[in-house]
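Input: a single structure, listed below in structure tokens.
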Amino acid sequence: MASTVLEATRAKHEDMERLERLAVRELQREPANARDRLHQSHRVRNMLDLVISTSEKLVEIYEDKDNARKDEISNHLSAPVQAEIFPNFYDRLKEIRDYHRRNPSARFVSANDDFEELLKEEPTIEFTGEEAFGRYLDLHELYNEFINSKFGTPMEYSAYVDTFSHVEKIGQNLKTSRQYREYLEHVLEYLTSFLYRTEPLQDIEKIFSKLESEFEEQWVNGEVAGWENKDPEKESAQESVIDLDYYTTVEELVELGPEKLKEALAARGLKSGGTVQQRAERLFLLKHTPLERLDRKHFAKGSHNSVSNANTNGNNFKDNLKREIALMEVKMRRLCELLDEVIVRTKENAEKKLTLTYEEMEAEREEEEVQADSESDDEDQQIYNPLKLPMGWDGKPIPYWLYKLHGLGQEFKCEICGNHSYWGRRAYERHFKEWRHQHGMRCLGIPNTKNFNEITSIQEAKELWEKIQQRQGLNKWRPDLEEEYEDQEGNIYNKKTYTDLQRQGLI
């Protein structure tokens with residue numbers, strides 16, 4: 001019964017509490033396999049979306065822009081005279097009884113029935129055949145776009161999967177093109193979609209907002225990877241500047257070649273056409289005549305007055321474009337860190353396919369489809385696992401020999417990660433590059449370099465960092481050992497040795 005504003009408010013609060021309980025109950029259930037785990041995450045995500053939408057409706061009710069809530073409280077729950085409180089209460093009670101008398105079935109309807117259906121529904125998640133229900137990335141379209149672009153290089157698909165996030169190797173003059181920007185947008189769009197489909201409980205907007213705040217500081221300080229205080233236009237302008245003080249004749253300038261002379265003339269706004277001799281003569285005029293006093297006939301059309309204005313007007317646009325592209329690169333690298341295991345699996349799968357024939361790939365695909373169908377049929381069956389072996393990607397315990405081979409029974413604890421346990425040597429070695437260990441090192445104020453691999457104790461990390469700082473101190477300038485002195489015979493001594501010999505009267 002939600003005939004009043006107050007009743008609607010109470011009902012929405014009740015719905016939120018029920019959704020929260022259902023989400024907790026669903027997360028406490030142990031999924032049978034990887035597919036069931038993915039469906040479980042999507043069900044919980046749908047519940048959280050309902051909680052958010054209900055909360056937004058409650059906020060609108062409490063804002064009370066139409067004063068409906070205020071009027072209802074003043075009319076039904078308050079009275080100018082104390083004696084009128086109880087009559088108002090009984091009037092409201094009579095309304096409720098009349099409602100249930102007219103609708104006898106309402107008292108037997110369970111409000112939990114609608115929400116219980118959320119636990120039974122199976123979310124529809126769309127994956128391509130290459131993605132194998134979230135096990136691999138499908139980067140073929142992005143791969144084709146990369147190798148057919150000006151900034152891309154020909155390579156195998158497996159090599160592209162391993163290196164597509166290393167965009168700092170691409171030159172900045174290529175990064176500012178529209179083709180590269182569209183490519184980055186497509187990569188971001190796909191990785192964001194894949195992460196939402198495979199890990200729906202990840203708060204991607206929160207991750208990006210934190211990245212943007214950190215990026216602003218790094219961009220101002222010139223610390224963004226691949227954009228460290230580099231300006232290709234300034235660099236090319238510096239390369240094109242020729243110091244005329246080193247040249248005494250036009251013939252010496254001719255030896256520089258036509259391209260360098262053309263760049264030097266264009267950088268100064270002069271005409272860059274003609275033969276090599278004409279270009280050298282035109283540039284040699286600047287040796288004795290300032291650029292401002294040079295005859296206007298030597299300038300390119302419209303360049304004398306508009307070069308500086310065009311550079312000034314275009315600087316803001318170019319800076320904003322570079323900043324936007326750099327931010328997209330940072331977001332892409334962050335998504336690749338979150339999908340690190342999937343990228344490794346995709347690379348291994350791509351390399352494996354290179355060794356298979358078409359018939360073998362088709363047979364493997366049919367086998368995966370049969371396994372996927374059998375998963376849905378056997379979800380309700382209890383899996384016999386007395387040794388408590390980890391579950392494989394197919395939702396079944398891995399073989400015992402594989403368990404022993406990878407040493408998954410061996411536990412490694414890392415104090416820097418908050419005493420988190422890692423099972424197996426491979427997971428232990430990999431965790432030094434993962435976010436949990438990197439966050440712990442940042443909290444300690446220590447850079448996460450290769451020197452700290454295999455270091456899991458906080459005390460050991462601090463002691464090693466102190467030793468490294470002391471060792472770096474030895475490389476500083478020490479005048480007594482590195483400042484050199486020469487005697488009358490031409491012998492070279494450092495400052496300490498020279499002063500000792502001088503005191504002894506030997507020099």
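In the structure tokens, each chain is lettered A, B, ... as it comes, each chain's residues begin at 1, and ligands are numbered from 1 in order of appearance.
Backbone DSSP over region 276-501 of chain A gives strand (DSSP E) for Glu411, Phe412, Lys413, Cys414, His420, Ser421, Tyr422, Trp423, Glu484, Tyr485, Glu486, Ile492, Tyr493 and Asn494 of chain A.
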Go ahead and save the residues from that selection, with N, CA, C and O atoms, as a PDB file, in the first residue's frame.
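Ended up saving to part-v7.pdb:
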ATOM      1  N   GLU A 411      52.503 -22.025   0.467  1.00  0.00           N
ATOM      2  CA  GLU A 411      51.946 -20.703   0.766  1.00  0.00           C
ATOM      3  C   GLU A 411      53.069 -19.695   0.961  1.00  0.00           C
ATOM      4  O   GLU A 411      54.044 -19.944   1.664  1.00  0.00           O
ATOM      5  N   PHE A 412      52.916 -18.527   0.323  1.00  0.00           N
ATOM      6  CA  PHE A 412      53.854 -17.415   0.480  1.00  0.00           C
ATOM      7  C   PHE A 412      53.070 -16.230   1.028  1.00  0.00           C
ATOM      8  O   PHE A 412      52.082 -15.815   0.418  1.00  0.00           O
ATOM      9  N   LYS A 413      53.519 -15.687   2.151  1.00  0.00           N
ATOM     10  CA  LYS A 413      52.862 -14.524   2.745  1.00  0.00           C
ATOM     11  C   LYS A 413      53.720 -13.290   2.534  1.00  0.00           C
ATOM     12  O   LYS A 413      54.948 -13.354   2.610  1.00  0.00           O
ATOM     13  N   CYS A 414      53.071 -12.191   2.264  1.00  0.00           N
ATOM     14  CA  CYS A 414      53.772 -10.926   2.032  1.00  0.00           C
ATOM     15  C   CYS A 414      53.265  -9.908   3.047  1.00  0.00           C
ATOM     16  O   CYS A 414      52.081  -9.557   3.053  1.00  0.00           O
ATOM     17  N   HIS A 420      48.919 -10.854   2.973  1.00  0.00           N
ATOM     18  CA  HIS A 420      48.110 -11.600   1.994  1.00  0.00           C
ATOM     19  C   HIS A 420      48.856 -12.863   1.572  1.00  0.00           C
ATOM     20  O   HIS A 420      50.087 -12.864   1.449  1.00  0.00           O
ATOM     21  N   SER A 421      48.133 -13.954   1.369  1.00  0.00           N
ATOM     22  CA  SER A 421      48.736 -15.243   1.014  1.00  0.00           C
ATOM     23  C   SER A 421      48.691 -15.457  -0.489  1.00  0.00           C
ATOM     24  O   SER A 421      47.688 -15.164  -1.136  1.00  0.00           O
ATOM     25  N   TYR A 422      49.796 -15.973  -1.019  1.00  0.00           N
ATOM     26  CA  TYR A 422      49.901 -16.334  -2.434  1.00  0.00           C
ATOM     27  C   TYR A 422      50.282 -17.802  -2.512  1.00  0.00           C
ATOM     28  O   TYR A 422      51.255 -18.237  -1.880  1.00  0.00           O
ATOM     29  N   TRP A 423      49.519 -18.561  -3.285  1.00  0.00           N
ATOM     30  CA  TRP A 423      49.713 -20.004  -3.377  1.00  0.00           C
ATOM     31  C   TRP A 423      50.448 -20.329  -4.671  1.00  0.00           C
ATOM     32  O   TRP A 423      49.965 -20.050  -5.763  1.00  0.00           O
ATOM     33  N   GLU A 484      90.551  18.153  -8.594  1.00  0.00           N
ATOM     34  CA  GLU A 484      91.920  17.873  -9.032  1.00  0.00           C
ATOM     35  C   GLU A 484      92.802  19.114  -8.947  1.00  0.00           C
ATOM     36  O   GLU A 484      92.352  20.234  -9.206  1.00  0.00           O
ATOM     37  N   TYR A 485      94.105  18.875  -8.568  1.00  0.00           N
ATOM     38  CA  TYR A 485      95.114  19.931  -8.489  1.00  0.00           C
ATOM     39  C   TYR A 485      96.344  19.488  -9.285  1.00  0.00           C
ATOM     40  O   TYR A 485      96.640  18.288  -9.371  1.00  0.00           O
ATOM     41  N   GLU A 486      97.052  20.455  -9.823  1.00  0.00           N
ATOM     42  CA  GLU A 486      98.245  20.174 -10.633  1.00  0.00           C
ATOM     43  C   GLU A 486      99.436  20.930 -10.049  1.00  0.00           C
ATOM     44  O   GLU A 486      99.339  22.129  -9.734  1.00  0.00           O
ATOM     45  N   ILE A 492      99.049  15.357 -11.468  1.00  0.00           N
ATOM     46  CA  ILE A 492      97.658  15.580 -11.061  1.00  0.00           C
ATOM     47  C   ILE A 492      97.401  14.859  -9.746  1.00  0.00           C
ATOM     48  O   ILE A 492      97.722  13.667  -9.586  1.00  0.00           O
ATOM     49  N   TYR A 493      96.830  15.582  -8.760  1.00  0.00           N
ATOM     50  CA  TYR A 493      96.456  15.005  -7.468  1.00  0.00           C
ATOM     51  C   TYR A 493      95.027  15.435  -7.140  1.00  0.00           C
ATOM     52  O   TYR A 493      94.555  16.477  -7.623  1.00  0.00           O
ATOM     53  N   ASN A 494      94.357  14.639  -6.296  1.00  0.00           N
ATOM     54  CA  ASN A 494      93.092  15.130  -5.764  1.00  0.00           C
ATOM     55  C   ASN A 494      93.377  16.101  -4.628  1.00  0.00           C
ATOM     56  O   ASN A 494      94.520  16.241  -4.171  1.00  0.00           O
TER      57      ASN A 494
END
Problem set entry | Filtered DSSP result for region 14-149 of chain A, state helix (DSSP H, G or I), as an NGL selection string | :A and (14-28 or 34-63 or 68-76 or 82-102 or 104-108 or 112-120 or 140-147)
Problem set entry | Selection near region 387-390 of chain A, 9 Å with only C-alpha atoms, sequence-local residues under 6 positions removed, as an NGL selection string | :A and (396-400 or 403 or 408-409)
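In this model, the gap between CA of Ser457 (chain A) and CA of Ile416 (chain A) comes to 6.3 Å.
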For this session: Tell me which protein, DNA and RNA residues are within 12 Å of Asp487 (chain A), counting only C-alpha atoms, leaving out same-chain ones fewer than 6 positions away, and put them as a PyMOL selection string.
Result: chain A and resi 493-495+497-499+501-502+506-507
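Excluding Gln179 (chain A) itself and any same-chain residue fewer than 3 positions from it, the protein and nucleic acid residues within 9 Å of it, counting only C-alpha atoms, are Ser149, Lys150, Phe151, Leu174, Lys175, Thr176, Glu182, Tyr183 and Leu184 of chain A.
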